[in-house]
Amino acid sequence: GVQTCALPILAMKTGELLWSRALYEDYEGDLGYFGAGTSPLVVQDSVLVNVGGRKAGIVAVSTEDGTTKWKATQEGASYASPIAYQDAGQTRVVFVTRLNAVLLDPRDGRVIQSIDFGKRGPTVNAATPLRFDQRLFLTASYGIGARMLKLEKDQLEPIWSNDTSMSSQYATSVYRSGYLYGIHGREDADADLRCVEASTGKVAWSVNSFGVAHLILAEDKLLVLANSGELTLARATEKKFDVIGKSRVASATIRALPAISNGRVFFRTNDSGESKLYALAWE
């Protein structure tokens, strides 16, 4: 059958559908290996999407009525979500697409700078780009590796890059006090939980064969949810993996990013095509 992807906008208070756009059909998108995986990004009165279509790579539509405001690039779609940030009073957006990291102006889609990031063939870019202290961290597995860049005044400049520090298949790293915490490796091979010095890429500590996991930074603590269903609370320190406690919270595979809100931990499992949403009380 024919697969379609729609972009619906709902009213927050009532859930009423305000409008919907079939962007993949409109711009002849390619659903790739796993369907549509990138998140849309709202910037002021626009919704930005890495459609990855033959007619447009990145598209901005109006939050008011869904009409197209601009379309830009021929970038293929990835599974990484874009980010927005402020620099010198200007809003900028970074997309990690199928093969590149693209810095653009969300007002008109003007590409400010683009750098190669990715490889052709059976590879994916899935981790969200991470910006902190005028730096940009990119990570992917499949031989692509990690890259730390200086990002200041609309300029991307290399700091370090390698495939030995923090090459993550799809989990996004977190940053605290000069160090990155995240996953190095792949779910279908071997994955380590690591702490890496952000300025150099030097590995501070590593828990070998930990498995793929999502990390959330909560003040000075790490919430580590492994795709095996084990939840670990640890201190965010570069000295060692300092575990406070852990518990198995699910028996099914967890690949979706968890969330913390109002004293609850939310996560979604997937087992044989059946998805369940869980909420845990944070005590």
# chains A, B, ... in the order shown; residues from 1 in each chain; ligands from 1
call {"tool": "residues_around", "arguments": {"residues": "A:Arg147", "least_positions_apart": "4", "cutoff": "9 Å", "atoms": "only C-alpha atoms", "output": "PyMOL selection string"}}
result
chain A and resi 117+136-139+158-163+201
call {"tool": "write_last_selection", "arguments": {"atoms": "N, CA, C and O atoms", "output": "mmCIF file, in the first residue's frame"}}
result
data_model
loop_
_atom_site.group_PDB
_atom_site.id
_atom_site.type_symbol
_atom_site.label_atom_id
_atom_site.label_comp_id
_atom_site.auth_asym_id
_atom_site.auth_seq_id
_atom_site.Cartn_x
_atom_site.Cartn_y
_atom_site.Cartn_z
ATOM 1 N N PHE A 117 28.061 15.474 6.867
ATOM 2 C CA PHE A 117 27.934 14.636 8.056
ATOM 3 C C PHE A 117 26.998 13.492 7.709
ATOM 4 O O PHE A 117 25.778 13.647 7.662
ATOM 5 N N LEU A 136 28.859 22.952 18.971
ATOM 6 C CA LEU A 136 27.852 22.052 18.410
ATOM 7 C C LEU A 136 28.433 20.655 18.361
ATOM 8 O O LEU A 136 29.499 20.435 17.781
ATOM 9 N N PHE A 137 27.703 19.702 18.966
ATOM 10 C CA PHE A 137 28.156 18.313 18.980
ATOM 11 C C PHE A 137 27.246 17.473 18.093
ATOM 12 O O PHE A 137 26.019 17.485 18.233
ATOM 13 N N LEU A 138 27.854 16.741 17.174
ATOM 14 C CA LEU A 138 27.150 15.845 16.268
ATOM 15 C C LEU A 138 27.659 14.432 16.497
ATOM 16 O O LEU A 138 28.856 14.222 16.700
ATOM 17 N N THR A 139 26.753 13.466 16.439
ATOM 18 C CA THR A 139 27.178 12.087 16.643
ATOM 19 C C THR A 139 26.329 11.131 15.812
ATOM 20 O O THR A 139 25.125 11.344 15.634
ATOM 21 N N PRO A 158 35.816 23.352 13.014
ATOM 22 C CA PRO A 158 36.105 22.074 13.677
ATOM 23 C C PRO A 158 36.959 22.240 14.927
ATOM 24 O O PRO A 158 37.880 23.065 14.970
ATOM 25 N N ILE A 159 36.631 21.461 15.950
ATOM 26 C CA ILE A 159 37.438 21.373 17.168
ATOM 27 C C ILE A 159 38.081 19.991 17.248
ATOM 28 O O ILE A 159 39.295 19.872 17.370
ATOM 29 N N TRP A 160 37.256 18.931 17.179
ATOM 30 C CA TRP A 160 37.775 17.568 17.088
ATOM 31 C C TRP A 160 36.738 16.672 16.431
ATOM 32 O O TRP A 160 35.553 16.988 16.410
ATOM 33 N N SER A 161 37.195 15.568 15.899
ATOM 34 C CA SER A 161 36.298 14.566 15.332
ATOM 35 C C SER A 161 36.989 13.209 15.371
ATOM 36 O O SER A 161 38.213 13.120 15.193
ATOM 37 N N ASN A 162 36.210 12.157 15.633
ATOM 38 C CA ASN A 162 36.746 10.801 15.617
ATOM 39 C C ASN A 162 35.588 9.805 15.630
ATOM 40 O O ASN A 162 34.424 10.196 15.723
ATOM 41 N N ASP A 163 35.920 8.530 15.543
ATOM 42 C CA ASP A 163 34.909 7.473 15.610
ATOM 43 C C ASP A 163 35.175 6.571 16.808
ATOM 44 O O ASP A 163 34.775 5.410 16.819
ATOM 45 N N GLY A 201 37.350 15.186 23.489
ATOM 46 C CA GLY A 201 36.876 13.878 23.058
ATOM 47 C C GLY A 201 37.478 12.729 23.843
ATOM 48 O O GLY A 201 37.195 11.556 23.573
#
call {"tool": "closest_residue", "arguments": {"among": "A:Asn125, A:Ser46, A:Ser78, A:Ser209", "to": "A:Gly29", "atoms": "only C-alpha atoms"}}
result
A:Ser78
call {"tool": "residues_around", "arguments": {"residues": "A:Thr237", "least_positions_apart": "4", "cutoff": "12 Å", "atoms": "only C-alpha atoms", "output": "ChimeraX atom specification"}}
result
/A:175-181,194-197,204-205,217,219-222,241-243
call {"tool": "residues_around", "arguments": {"residues": "A:Ser62", "least_positions_apart": "5", "cutoff": "8 Å", "atoms": "only C-alpha atoms", "output": "PyMOL selection string"}}
result
chain A and resi 45-47+67-69
call {"tool": "write_last_selection", "arguments": {"atoms": "N, CA and C atoms", "output": "PDB file, in the first residue's frame"}}
result
ATOM      1  N   ASP A  45       6.244  31.822  14.156  1.00  0.00           N
ATOM      2  CA  ASP A  45       4.971  31.467  13.515  1.00  0.00           C
ATOM      3  C   ASP A  45       5.155  30.482  12.366  1.00  0.00           C
ATOM      4  N   SER A  46       6.220  29.681  12.441  1.00  0.00           N
ATOM      5  CA  SER A  46       6.502  28.701  11.384  1.00  0.00           C
ATOM      6  C   SER A  46       6.754  27.323  11.972  1.00  0.00           C
ATOM      7  N   VAL A  47       6.369  26.293  11.208  1.00  0.00           N
ATOM      8  CA  VAL A  47       6.726  24.917  11.516  1.00  0.00           C
ATOM      9  C   VAL A  47       7.712  24.462  10.451  1.00  0.00           C
ATOM     10  N   THR A  67      -0.127  27.018   5.329  1.00  0.00           N
ATOM     11  CA  THR A  67       0.371  27.378   4.001  1.00  0.00           C
ATOM     12  C   THR A  67       1.896  27.427   4.008  1.00  0.00           C
ATOM     13  N   THR A  68       2.484  27.087   2.877  1.00  0.00           N
ATOM     14  CA  THR A  68       3.941  27.074   2.764  1.00  0.00           C
ATOM     15  C   THR A  68       4.492  28.490   2.792  1.00  0.00           C
ATOM     16  N   LYS A  69       5.485  28.723   3.647  1.00  0.00           N
ATOM     17  CA  LYS A  69       6.136  30.022   3.753  1.00  0.00           C
ATOM     18  C   LYS A  69       7.421  30.049   2.929  1.00  0.00           C
TER      19      LYS A  69
END
call {"tool": "residues_around", "arguments": {"residues": "A:Ala77", "least_positions_apart": "4", "cutoff": "12 Å", "atoms": "only C-alpha atoms", "output": "VMD selection string"}}
result
chain A and resid 24 27 to 40 49 to 54 56 to 59 73 81 to 82 95 to 102 118 124 to 126
call {"tool": "select_by_dssp", "arguments": {"residues": "stretch 8-43 of chain A", "states": "strand (DSSP E)", "output": "PDB file with N, CA, C and O atoms, in the first residue's frame"}}
result
ATOM      1  N   PRO A   8      -0.308  17.304  11.313  1.00  0.00           N
ATOM      2  CA  PRO A   8      -1.513  17.898  11.890  1.00  0.00           C
ATOM      3  C   PRO A   8      -1.160  18.919  12.966  1.00  0.00           C
ATOM      4  O   PRO A   8      -0.198  18.742  13.712  1.00  0.00           O
ATOM      5  N   ILE A   9      -1.937  19.982  13.070  1.00  0.00           N
ATOM      6  CA  ILE A   9      -1.806  20.959  14.140  1.00  0.00           C
ATOM      7  C   ILE A   9      -3.103  20.939  14.945  1.00  0.00           C
ATOM      8  O   ILE A   9      -4.190  21.096  14.378  1.00  0.00           O
ATOM      9  N   LEU A  10      -2.965  20.752  16.265  1.00  0.00           N
ATOM     10  CA  LEU A  10      -4.129  20.618  17.128  1.00  0.00           C
ATOM     11  C   LEU A  10      -4.205  21.759  18.129  1.00  0.00           C
ATOM     12  O   LEU A  10      -3.177  22.315  18.522  1.00  0.00           O
ATOM     13  N   LEU A  17      -8.649  19.519  15.650  1.00  0.00           N
ATOM     14  CA  LEU A  17      -7.773  19.625  14.487  1.00  0.00           C
ATOM     15  C   LEU A  17      -7.993  20.967  13.815  1.00  0.00           C
ATOM     16  O   LEU A  17      -9.101  21.285  13.379  1.00  0.00           O
ATOM     17  N   LEU A  18      -6.929  21.772  13.735  1.00  0.00           N
ATOM     18  CA  LEU A  18      -7.023  23.091  13.119  1.00  0.00           C
ATOM     19  C   LEU A  18      -6.710  23.039  11.628  1.00  0.00           C
ATOM     20  O   LEU A  18      -7.388  23.678  10.832  1.00  0.00           O
ATOM     21  N   TRP A  19      -5.682  22.308  11.266  1.00  0.00           N
ATOM     22  CA  TRP A  19      -5.360  22.094   9.864  1.00  0.00           C
ATOM     23  C   TRP A  19      -4.385  20.932   9.756  1.00  0.00           C
ATOM     24  O   TRP A  19      -3.819  20.492  10.742  1.00  0.00           O
ATOM     25  N   SER A  20      -4.189  20.433   8.531  1.00  0.00           N
ATOM     26  CA  SER A  20      -3.277  19.333   8.300  1.00  0.00           C
ATOM     27  C   SER A  20      -2.668  19.461   6.911  1.00  0.00           C
ATOM     28  O   SER A  20      -3.351  19.886   5.970  1.00  0.00           O
ATOM     29  N   ARG A  21      -1.386  19.112   6.794  1.00  0.00           N
ATOM     30  CA  ARG A  21      -0.708  19.126   5.504  1.00  0.00           C
ATOM     31  C   ARG A  21      -0.062  17.778   5.247  1.00  0.00           C
ATOM     32  O   ARG A  21       0.615  17.233   6.109  1.00  0.00           O
ATOM     33  N   LEU A  41       9.817  21.360  13.918  1.00  0.00           N
ATOM     34  CA  LEU A  41      10.323  22.372  14.847  1.00  0.00           C
ATOM     35  C   LEU A  41       9.528  23.659  14.663  1.00  0.00           C
ATOM     36  O   LEU A  41       9.429  24.175  13.551  1.00  0.00           O
ATOM     37  N   VAL A  42       8.942  24.171  15.745  1.00  0.00           N
ATOM     38  CA  VAL A  42       8.202  25.427  15.688  1.00  0.00           C
ATOM     39  C   VAL A  42       9.133  26.574  16.052  1.00  0.00           C
ATOM     40  O   VAL A  42       9.743  26.571  17.127  1.00  0.00           O
ATOM     41  N   VAL A  43       9.254  27.530  15.154  1.00  0.00           N
ATOM     42  CA  VAL A  43      10.039  28.737  15.386  1.00  0.00           C
ATOM     43  C   VAL A  43       9.142  29.933  15.086  1.00  0.00           C
ATOM     44  O   VAL A  43       8.751  30.158  13.936  1.00  0.00           O
TER      45      VAL A  43
END
call {"tool": "select_by_dssp", "arguments": {"residues": "stretch 10-258 of chain A", "states": "helix (DSSP H, G or I)", "output": "list in words"}}
result
Leu23, Tyr24, Glu25 and Asp26 of chain A
call {"tool": "write_last_selection", "arguments": {"atoms": "N, CA and C atoms", "output": "PDB file, in the first residue's frame"}}
result
ATOM      1  N   LEU A  23       2.719  16.761   3.737  1.00  0.00           N
ATOM      2  CA  LEU A  23       3.954  17.315   3.175  1.00  0.00           C
ATOM      3  C   LEU A  23       4.739  16.288   2.361  1.00  0.00           C
ATOM      4  N   TYR A  24       4.718  15.031   2.784  1.00  0.00           N
ATOM      5  CA  TYR A  24       5.447  14.015   2.028  1.00  0.00           C
ATOM      6  C   TYR A  24       4.839  13.812   0.654  1.00  0.00           C
ATOM      7  N   GLU A  25       3.539  13.941   0.546  1.00  0.00           N
ATOM      8  CA  GLU A  25       2.902  13.844  -0.767  1.00  0.00           C
ATOM      9  C   GLU A  25       3.146  15.122  -1.574  1.00  0.00           C
ATOM     10  N   ASP A  26       3.004  16.272  -0.923  1.00  0.00           N
ATOM     11  CA  ASP A  26       3.159  17.550  -1.614  1.00  0.00           C
ATOM     12  C   ASP A  26       4.553  17.723  -2.214  1.00  0.00           C
TER      13      ASP A  26
END
call {"tool": "residues_around", "arguments": {"residues": "stretch 229-232 of chain A", "least_positions_apart": "6", "cutoff": "12 Å", "atoms": "only C-alpha atoms", "output": "JSON, numbers by chain"}}
result
{"A": [193, 210, 211, 212, 213, 214, 215, 216, 221, 222, 223, 241, 242, 243, 244, 245, 246, 247, 248, 249, 250, 251, 252, 253, 254, 255, 256, 258, 265, 266, 267, 268, 269, 270, 271, 278, 280, 282]}
call {"tool": "residues_around", "arguments": {"residues": "A:Arg186", "least_positions_apart": "2", "cutoff": "10 Å", "atoms": "only C-alpha atoms", "output": "PyMOL selection string"}}
result
chain A and resi 140-142+167-171+183-184+188-192+211-212
call {"tool": "atom_distance", "arguments": {"atom1": "atom CA of A:Thr128", "atom2": "atom CA of A:Asn262"}}
result
23.9 Å
call {"tool": "decode", "arguments": {"residues": "stretch 124-165 of chain A", "atoms": "N, CA and C atoms", "output": "short mmCIF file (atom, residue, chain, number, x, y, z; two decimals), in the first residue's frame"}}
result
data_model
loop_
_atom_site.label_atom_id
_atom_site.label_comp_id
_atom_site.auth_asym_id
_atom_site.auth_seq_id
_atom_site.Cartn_x
_atom_site.Cartn_y
_atom_site.Cartn_z
N VAL A 124 22.20 5.72 9.13
CA VAL A 124 21.22 6.72 9.54
C VAL A 124 21.88 7.80 10.38
N ASN A 125 21.36 9.02 10.28
CA ASN A 125 21.63 10.09 11.23
C ASN A 125 20.39 10.22 12.10
N ALA A 126 20.53 10.01 13.40
CA ALA A 126 19.34 9.98 14.25
C ALA A 126 19.45 10.79 15.53
N ALA A 127 20.65 10.97 16.06
CA ALA A 127 20.80 11.73 17.30
C ALA A 127 20.58 13.22 17.03
N THR A 128 19.93 13.89 17.96
CA THR A 128 19.68 15.33 17.84
C THR A 128 20.98 16.10 18.03
N PRO A 129 21.27 17.11 17.20
CA PRO A 129 22.46 17.94 17.44
C PRO A 129 22.37 18.63 18.79
N LEU A 130 23.49 18.78 19.45
CA LEU A 130 23.53 19.33 20.81
C LEU A 130 24.39 20.60 20.81
N ARG A 131 23.79 21.73 21.19
CA ARG A 131 24.52 23.00 21.25
C ARG A 131 24.70 23.45 22.69
N PHE A 132 25.91 23.84 23.04
CA PHE A 132 26.21 24.35 24.38
C PHE A 132 27.50 25.17 24.30
N ASP A 133 27.59 26.24 25.07
CA ASP A 133 28.82 27.04 25.17
C ASP A 133 29.40 27.40 23.80
N GLN A 134 28.56 27.82 22.87
CA GLN A 134 28.99 28.17 21.51
C GLN A 134 29.68 27.02 20.80
N ARG A 135 29.26 25.81 21.14
CA ARG A 135 29.76 24.62 20.45
C ARG A 135 28.59 23.77 19.97
N LEU A 136 28.86 22.95 18.97
CA LEU A 136 27.85 22.05 18.41
C LEU A 136 28.43 20.65 18.36
N PHE A 137 27.70 19.70 18.97
CA PHE A 137 28.16 18.31 18.98
C PHE A 137 27.25 17.47 18.09
N LEU A 138 27.85 16.74 17.17
CA LEU A 138 27.15 15.85 16.27
C LEU A 138 27.66 14.43 16.50
N THR A 139 26.75 13.47 16.44
CA THR A 139 27.18 12.09 16.64
C THR A 139 26.33 11.13 15.81
N ALA A 140 26.97 10.10 15.30
CA ALA A 140 26.30 9.04 14.55
C ALA A 140 27.20 7.82 14.56
N SER A 141 26.62 6.67 14.30
CA SER A 141 27.39 5.44 14.23
C SER A 141 27.69 5.13 12.75
N TYR A 142 27.80 3.85 12.38
CA TYR A 142 28.00 3.42 10.99
C TYR A 142 29.28 3.99 10.36
N GLY A 143 30.31 4.24 11.18
CA GLY A 143 31.56 4.78 10.65
C GLY A 143 31.55 6.28 10.43
N ILE A 144 30.46 6.94 10.79
CA ILE A 144 30.37 8.40 10.63
C ILE A 144 31.11 9.09 11.77
N GLY A 145 30.87 8.66 12.99
CA GLY A 145 31.60 9.16 14.14
C GLY A 145 31.01 10.40 14.77
N ALA A 146 31.78 11.01 15.66
CA ALA A 146 31.37 12.21 16.38
C ALA A 146 32.19 13.40 15.92
N ARG A 147 31.58 14.58 16.05
CA ARG A 147 32.26 15.81 15.64
C ARG A 147 31.89 16.94 16.58
N MET A 148 32.91 17.63 17.10
CA MET A 148 32.69 18.81 17.93
C MET A 148 33.11 20.03 17.10
N LEU A 149 32.20 21.00 17.05
CA LEU A 149 32.42 22.19 16.24
C LEU A 149 32.22 23.45 17.08
N LYS A 150 32.99 24.45 16.79
CA LYS A 150 32.73 25.77 17.36
C LYS A 150 31.62 26.42 16.53
N LEU A 151 30.59 26.92 17.21
CA LEU A 151 29.46 27.55 16.53
C LEU A 151 29.22 28.92 17.13
N GLU A 152 29.72 29.92 16.44
CA GLU A 152 29.63 31.28 16.94
C GLU A 152 29.62 32.26 15.78
N LYS A 153 28.71 33.22 15.85
CA LYS A 153 28.60 34.25 14.81
C LYS A 153 28.44 33.63 13.43
N ASP A 154 27.54 32.66 13.34
CA ASP A 154 27.20 32.01 12.07
C ASP A 154 28.39 31.32 11.40
N GLN A 155 29.30 30.83 12.22
CA GLN A 155 30.45 30.11 11.68
C GLN A 155 30.60 28.77 12.38
N LEU A 156 30.77 27.72 11.58
CA LEU A 156 31.06 26.38 12.09
C LEU A 156 32.52 26.07 11.84
N GLU A 157 33.26 25.82 12.93
CA GLU A 157 34.69 25.53 12.80
C GLU A 157 35.02 24.26 13.58
N PRO A 158 35.82 23.35 13.01
CA PRO A 158 36.11 22.07 13.68
C PRO A 158 36.96 22.24 14.93
N ILE A 159 36.63 21.46 15.95
CA ILE A 159 37.44 21.37 17.17
C ILE A 159 38.08 19.99 17.25
N TRP A 160 37.26 18.93 17.18
CA TRP A 160 37.78 17.57 17.09
C TRP A 160 36.74 16.67 16.43
N SER A 161 37.19 15.57 15.90
CA SER A 161 36.30 14.57 15.33
C SER A 161 36.99 13.21 15.37
N ASN A 162 36.21 12.16 15.63
CA ASN A 162 36.75 10.80 15.62
C ASN A 162 35.59 9.81 15.63
N ASP A 163 35.92 8.53 15.54
CA ASP A 163 34.91 7.47 15.61
C ASP A 163 35.17 6.57 16.81
N THR A 164 35.85 7.12 17.82
CA THR A 164 36.25 6.31 18.98
C THR A 164 35.74 6.86 20.30
N SER A 165 35.17 8.06 20.32
CA SER A 165 34.75 8.67 21.59
C SER A 165 33.28 8.42 21.91
#
